[in-house]
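Before any comments, here is the structure.
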Amino acid sequence: MATLKDIAQETGLGLGTVSRALSGAPKVSPATRRKVEEAAKRLGYQTNALARALRQSQSKAVGLVIPDIENEFYTSGAAILQDVFAREGYRLVLCCSNSDPETDAELLASLVERRVDGIAHTPCSPQGAQVIRTLSPTLPIVEYARRSELDSVDSVTGDEQRGSAEIVDHLVGLGHTSIAMITGPKDLSTTQARLAGFDDACRRQRLRRRDCPRLVGAYDAEWGREATLRILRDHPGVTAIYASSSRIVLGVLETLREAGVSIPDDMSVVGFLNPRWYGVASPPLTTYELPLKEMGDIAARLLLQRIGAGSGQSSHERRSVRIEGRLVVRQSTSRPRVGPVPRRMA
């Protein structure tokens with residue numbers, strides 16, 4: 001039986017492009033769609049063949065696709081999900097997309113072909129698990145930590161917008177009026193929510209937009225480093241940096257240390273999420289903590305409910321659960337320094 005991967009190899013196109021073409025997605029050129037459809041017909045591909053196989057029996061396996069295996073948030077979440085699934089007699093198949101949409105699509109297709117009973121998915125693009133909807137319209141899916149544009153899947157996320165707003169309010173309460181935010185890719189739901197919370201709080205606190213730069217890039221240490229260098233060079237008035245992921249925080253801390261900028265005497269720093277190392281950093285980091293265990297428990301239970309219902313998600317109203325976190329105040333934030341911040345690098 002032909003698979004999406006066979007069609008991708010036949011046409012020389014990416015698996016995500018093949019999936020979008022077969023599912024009728026609008027952002028596919030007529031020529032590409034025709035090329036994919038002709039290859040599918042030539043290879044004997046049947047869209048719902050795997051869906052029928054899935055309905056015939058259960059594998060007692062669930063898939064989990066995360067974007068970054070080095071990120072403590074996702075690995076800790078995977079452990080929580082695995083614990084819940086194991087107690088219910090399911091084994092977890094863990095995959096990492098490395099934040100690449102094509103790899104993500106290939107992994108999702110592979111999980112469907114392995115006949116998993118459901119998938120927990122952290123999308124790395126707005127398209128999310130569209131490839132699954134092409135292969136199996138009713139396979140249970142729960143999006144974990146992020147949301148995609150799909151309106152046919154459940155999601156469990158943290159209240160990112162509220163978290164960003166609370167961070168700004170905390171810094172303003174200390175006297176900061178020039179706050180820089182460093183965040184990830186603009187098309188991810190996490191970035192959009194965190195930016196919205198930051199912007200809303202800045203407006204409410206009457207902070208000037210030019211005094212509060214937003215640097216949008218990637219959720220990794222390299223971007224944290226590059227963005228911090230830009231802040232030190234181009235925004236000398238900034239007295240606080242909000243780094244909106246633990247990987248970004250690493251780059252920020254390294255760069256400030258190399259530049260001779262003291263935390264919090266010269267620059268206050270706030271993170272997002274709360275890996276254990278935040279508490280033993282020097283100084284310990286102020287952050288907004290999401291309830292990781294609660295999020296994982298709810299995501300796993302929701303997916304198990306969908307699997308147990310037996311008819312997939314097509315007959316169910318989408319459930320979107322958003323869970324509030326809490327601000328954890330530590331020693332990395334204080335009143336702003338009076339006068340210019342000393343720096344050893346431009």
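Residues are named by chain letter and number: chains run A, B, ... in the order of the structure tokens, numbers start at 1 in each chain, and ligands are numbered from 1 in the order shown.
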
Find the nearest atom pair between each residue of segment 237-341 of chain A and segment 180-189 of chain A for residues within 6 Å, count only C-alpha atoms, give distances in Å to one decimal, sort rows by chain and ascending number, and present the table as a tab-separated table.
```
residue	atom	partner	partner_atom	distance
A:Ile241	CA	A:Ala180	CA	4.9
A:Tyr242	CA	A:Met181	CA	4.7
A:Ala243	CA	A:Ile182	CA	5.0
A:Ser244	CA	A:Thr183	CA	5.3
```

Those residues you just picked out, can you put them in a file as a CSV table (one decimal), in the first residue's frame with all heavy atoms?
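The result, written out as selection02.csv:
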```
chain,number,residue,atom,x,y,z
A,241,ILE,N,15.6,42.7,30.9
A,241,ILE,CA,15.4,41.8,29.7
A,241,ILE,C,14.4,40.7,30.1
A,241,ILE,O,14.7,40.0,31.1
A,241,ILE,CB,16.7,41.2,29.2
A,241,ILE,CG1,17.6,42.3,28.7
A,241,ILE,CG2,16.5,40.2,28.2
A,241,ILE,CD1,19.0,41.8,28.2
A,242,TYR,N,13.4,40.5,29.3
A,242,TYR,CA,12.5,39.4,29.5
A,242,TYR,C,12.8,38.4,28.4
A,242,TYR,O,12.5,38.6,27.2
A,242,TYR,CB,11.0,39.9,29.4
A,242,TYR,CG,10.0,38.9,29.2
A,242,TYR,CD1,10.1,37.5,29.6
A,242,TYR,CD2,8.8,39.2,28.5
A,242,TYR,CE1,9.1,36.6,29.3
A,242,TYR,CE2,7.8,38.3,28.2
A,242,TYR,CZ,8.0,37.0,28.7
A,242,TYR,OH,7.0,36.1,28.4
A,243,ALA,N,13.4,37.2,28.8
A,243,ALA,CA,13.7,36.2,27.9
A,243,ALA,C,12.7,35.1,27.9
A,243,ALA,O,12.6,34.4,28.9
A,243,ALA,CB,15.1,35.6,28.2
A,244,SER,N,11.9,34.9,26.9
A,244,SER,CA,10.7,34.1,27.0
A,244,SER,C,10.8,32.6,26.7
A,244,SER,O,9.8,32.0,26.3
A,244,SER,CB,9.6,34.7,26.0
A,244,SER,OG,9.9,34.4,24.7
```

Skipping near chain neighbours, those fewer than 4 positions away, what residues fall within 9 Å of Arg114 of chain A using only C-alpha atoms, listed as a short mmCIF file (atom, residue, chain, number, x, y, z; two decimals) with C-alpha atoms, in the first residue's frame?
```
data_model
loop_
_atom_site.label_atom_id
_atom_site.label_comp_id
_atom_site.auth_asym_id
_atom_site.auth_seq_id
_atom_site.Cartn_x
_atom_site.Cartn_y
_atom_site.Cartn_z
CA SER A 59 -2.27 -0.96 19.20
CA ALA A 109 2.83 10.06 9.06
CA SER A 110 5.12 7.38 10.48
#
```

Go through segment 262-316 of chain A and flag each residue having an atom no more than 8 Å from segment 150-167 of chain A; for those, report the closest pair of atoms plus their distance in Å to one decimal, using only C-alpha atoms, ordered by chain and rising number, as JSON lines.
```
{"residue": "A:Val270", "atom": "CA", "partner": "A:Ile167", "partner_atom": "CA", "distance": 7.4}
{"residue": "A:Thr287", "atom": "CA", "partner": "A:Ile167", "partner_atom": "CA", "distance": 7.6}
{"residue": "A:Tyr288", "atom": "CA", "partner": "A:Gly163", "partner_atom": "CA", "distance": 5.8}
{"residue": "A:Leu290", "atom": "CA", "partner": "A:Gly158", "partner_atom": "CA", "distance": 6.1}
{"residue": "A:Pro291", "atom": "CA", "partner": "A:Gly158", "partner_atom": "CA", "distance": 7.6}
{"residue": "A:Met295", "atom": "CA", "partner": "A:Val156", "partner_atom": "CA", "distance": 6.4}
{"residue": "A:Ile298", "atom": "CA", "partner": "A:Val156", "partner_atom": "CA", "distance": 7.2}
{"residue": "A:Ala299", "atom": "CA", "partner": "A:Val156", "partner_atom": "CA", "distance": 5.9}
{"residue": "A:Gln313", "atom": "CA", "partner": "A:Ser152", "partner_atom": "CA", "distance": 7.0}
{"residue": "A:Ser314", "atom": "CA", "partner": "A:Ser152", "partner_atom": "CA", "distance": 7.1}
```

Write a file of the selected residues as a CSV table (one decimal), in the first residue's frame, keeping N, CA and C atoms.
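Output file selection24.csv follows:
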```csv
chain,number,residue,atom,x,y,z
A,270,VAL,N,14.4,38.3,33.5
A,270,VAL,CA,13.3,37.5,33.8
A,270,VAL,C,13.2,36.4,32.8
A,287,THR,N,10.8,34.3,37.2
A,287,THR,CA,10.2,33.7,36.0
A,287,THR,C,8.7,33.5,36.2
A,288,TYR,N,8.1,33.1,35.1
A,288,TYR,CA,6.7,32.8,35.1
A,288,TYR,C,6.6,31.3,34.9
A,290,LEU,N,4.7,27.7,34.5
A,290,LEU,CA,3.5,27.0,34.1
A,290,LEU,C,3.4,25.7,34.8
A,291,PRO,N,2.1,25.3,35.1
A,291,PRO,CA,1.9,24.0,35.9
A,291,PRO,C,2.1,22.8,35.0
A,295,MET,N,-0.7,20.3,33.3
A,295,MET,CA,-0.8,20.3,31.8
A,295,MET,C,-0.7,18.9,31.2
A,298,ILE,N,-3.7,16.6,32.2
A,298,ILE,CA,-4.9,16.9,31.4
A,298,ILE,C,-4.8,16.5,30.0
A,299,ALA,N,-3.6,16.8,29.3
A,299,ALA,CA,-3.4,16.4,27.9
A,299,ALA,C,-3.6,14.9,27.8
A,313,GLN,N,-12.3,12.2,16.7
A,313,GLN,CA,-12.7,13.6,17.0
A,313,GLN,C,-13.7,14.2,16.1
A,314,SER,N,-14.0,13.6,15.0
A,314,SER,CA,-14.9,14.3,14.1
A,314,SER,C,-16.3,14.5,14.7
```

Practice task
Return the single residue from A:Asp83, A:Glu106, A:Asp199, A:Glu254 that is closest to Ala227 of chain A, with distances computed using only C-alpha atoms.
Solution key: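 Among the listed residues, the smallest separation from Ala227 of chain A belongs to A:Glu254.
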
Exercise for the section: Kindly indicate which residue among A:Glu222, A:Asp266, A:Glu102, A:Asp68 lies nearest to Ser19 of chain A, using only C-alpha atoms for the distances. Expected result: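 Among A:Glu222, A:Asp266, A:Glu102, A:Asp68, it is A:Glu102 that comes nearest to Ser19 of chain A.
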
Neighbours of segment 85-98 of chain A within 12 Å (only C-alpha atoms; same-chain residues fewer than 4 positions away dropped), as a PDB file with C-alpha atoms, in the first residue's frame?
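Once everything was written out, this is part.pdb:
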```pdb
ATOM      1  CA  GLN A  58      -6.047  -0.927  18.973  1.00  0.00           C
ATOM      2  CA  SER A  59      -2.269  -0.960  19.205  1.00  0.00           C
ATOM      3  CA  LYS A  60      -2.179   0.203  22.845  1.00  0.00           C
ATOM      4  CA  ALA A  61       0.441   2.735  21.771  1.00  0.00           C
ATOM      5  CA  VAL A  62       0.270   6.528  21.633  1.00  0.00           C
ATOM      6  CA  GLY A  63       2.653   8.887  19.889  1.00  0.00           C
ATOM      7  CA  LEU A  64       4.200  12.068  21.251  1.00  0.00           C
ATOM      8  CA  VAL A  65       5.961  14.533  18.941  1.00  0.00           C
ATOM      9  CA  ILE A  66       7.930  17.333  20.616  1.00  0.00           C
ATOM     10  CA  PRO A  67      10.049  20.043  18.937  1.00  0.00           C
ATOM     11  CA  ASP A  68      13.183  20.029  21.117  1.00  0.00           C
ATOM     12  CA  ILE A  69      14.593  17.125  23.096  1.00  0.00           C
ATOM     13  CA  GLU A  70      17.159  19.391  24.804  1.00  0.00           C
ATOM     14  CA  ASN A  71      14.454  21.627  26.259  1.00  0.00           C
ATOM     15  CA  TYR A  74       9.340  19.121  26.770  1.00  0.00           C
ATOM     16  CA  THR A  75      11.381  16.270  28.230  1.00  0.00           C
ATOM     17  CA  GLY A  77       6.359  16.882  29.951  1.00  0.00           C
ATOM     18  CA  ALA A  78       7.142  13.654  28.081  1.00  0.00           C
ATOM     19  CA  ALA A  79       7.917  11.916  31.387  1.00  0.00           C
ATOM     20  CA  ILE A  80       4.595  13.070  32.847  1.00  0.00           C
ATOM     21  CA  LEU A  81       2.626  11.921  29.804  1.00  0.00           C
ATOM     22  CA  GLU A 102       8.946  18.639   7.119  1.00  0.00           C
ATOM     23  CA  THR A 103      10.454  16.356   9.773  1.00  0.00           C
ATOM     24  CA  ASP A 104       7.332  16.905  11.852  1.00  0.00           C
ATOM     25  CA  ALA A 105       5.102  15.798   8.977  1.00  0.00           C
ATOM     26  CA  GLU A 106       7.239  12.703   8.356  1.00  0.00           C
ATOM     27  CA  LEU A 107       7.095  11.695  12.022  1.00  0.00           C
ATOM     28  CA  LEU A 108       3.334  12.151  12.181  1.00  0.00           C
ATOM     29  CA  ALA A 109       2.833  10.058   9.056  1.00  0.00           C
ATOM     30  CA  SER A 110       5.115   7.382  10.479  1.00  0.00           C
ATOM     31  CA  LEU A 111       3.097   7.234  13.698  1.00  0.00           C
ATOM     32  CA  VAL A 112      -0.133   6.803  11.748  1.00  0.00           C
ATOM     33  CA  ARG A 114       2.484   2.340  12.937  1.00  0.00           C
ATOM     34  CA  ARG A 115      -1.215   2.365  13.864  1.00  0.00           C
ATOM     35  CA  VAL A 116      -0.935   4.272  17.136  1.00  0.00           C
ATOM     36  CA  ASP A 117      -4.242   4.826  18.906  1.00  0.00           C
ATOM     37  CA  GLY A 118      -3.724   8.568  19.333  1.00  0.00           C
ATOM     38  CA  ILE A 119      -1.116  11.314  19.192  1.00  0.00           C
ATOM     39  CA  ALA A 120      -0.066  14.098  21.533  1.00  0.00           C
ATOM     40  CA  HIS A 121       1.566  16.770  19.406  1.00  0.00           C
ATOM     41  CA  THR A 122       3.487  19.978  20.010  1.00  0.00           C
ATOM     42  CA  PRO A 123       3.179  21.712  16.615  1.00  0.00           C
ATOM     43  CA  CYS A 124       6.157  23.537  15.149  1.00  0.00           C
ATOM     44  CA  SER A 125       4.144  25.287  12.423  1.00  0.00           C
ATOM     45  CA  GLY A 128       0.112  21.441  12.937  1.00  0.00           C
ATOM     46  CA  TYR A 219      13.687  29.580  20.935  1.00  0.00           C
ATOM     47  CA  ASP A 220      17.379  28.774  21.309  1.00  0.00           C
ATOM     48  CA  GLY A 296       0.589  16.872  31.115  1.00  0.00           C
ATOM     49  CA  ASP A 297      -2.067  15.103  33.177  1.00  0.00           C
ATOM     50  CA  ILE A 298      -4.911  16.926  31.427  1.00  0.00           C
ATOM     51  CA  ALA A 299      -3.441  16.364  27.944  1.00  0.00           C
ATOM     52  CA  ALA A 300      -2.962  12.646  28.571  1.00  0.00           C
ATOM     53  CA  ARG A 301      -6.417  12.186  30.101  1.00  0.00           C
ATOM     54  CA  LEU A 302      -8.082  14.094  27.282  1.00  0.00           C
ATOM     55  CA  LEU A 303      -6.341  11.955  24.667  1.00  0.00           C
ATOM     56  CA  LEU A 304      -7.316   8.776  26.517  1.00  0.00           C
ATOM     57  CA  GLN A 305     -10.932   9.972  26.636  1.00  0.00           C
ATOM     58  CA  ILE A 307      -9.375   7.054  22.313  1.00  0.00           C
ATOM     59  CA  GLY A 308     -11.919   5.454  24.634  1.00  0.00           C
TER      60      GLY A 308
END
```

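Between atom CA of Val36 of chain A and atom CA of Arg147 of chain A the interatomic distance comes to 27.7 Å.
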
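Shell of Val238 of chain A at 9 Å, with only C-alpha atoms counted and residues fewer than 6 places along the chain excluded, is His176, Thr177, Ser178, Ile179, Ala180, Asp211, Cys212, Pro213, Ile231, Leu232, Met267 and Val341 of chain A.
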
Handout entry: Two-atom distance - atom CA of Ser76 of chain A, atom CA of Gly271 of chain A (Å)
Key =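 Distance reported for this atom pair: 17.5 Å.
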
Practice task
Could you tell me, as a list of chain:residue names, which residues of segment 3-87 of chain A DSSP assigns to strand (DSSP E or B) when given the backbone?
Solution key: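 Answer for segment 3-87 of chain A, restricted to strand (DSSP E or B): A:Ala61, A:Val62, A:Gly63, A:Leu64, A:Val65, A:Ile66.
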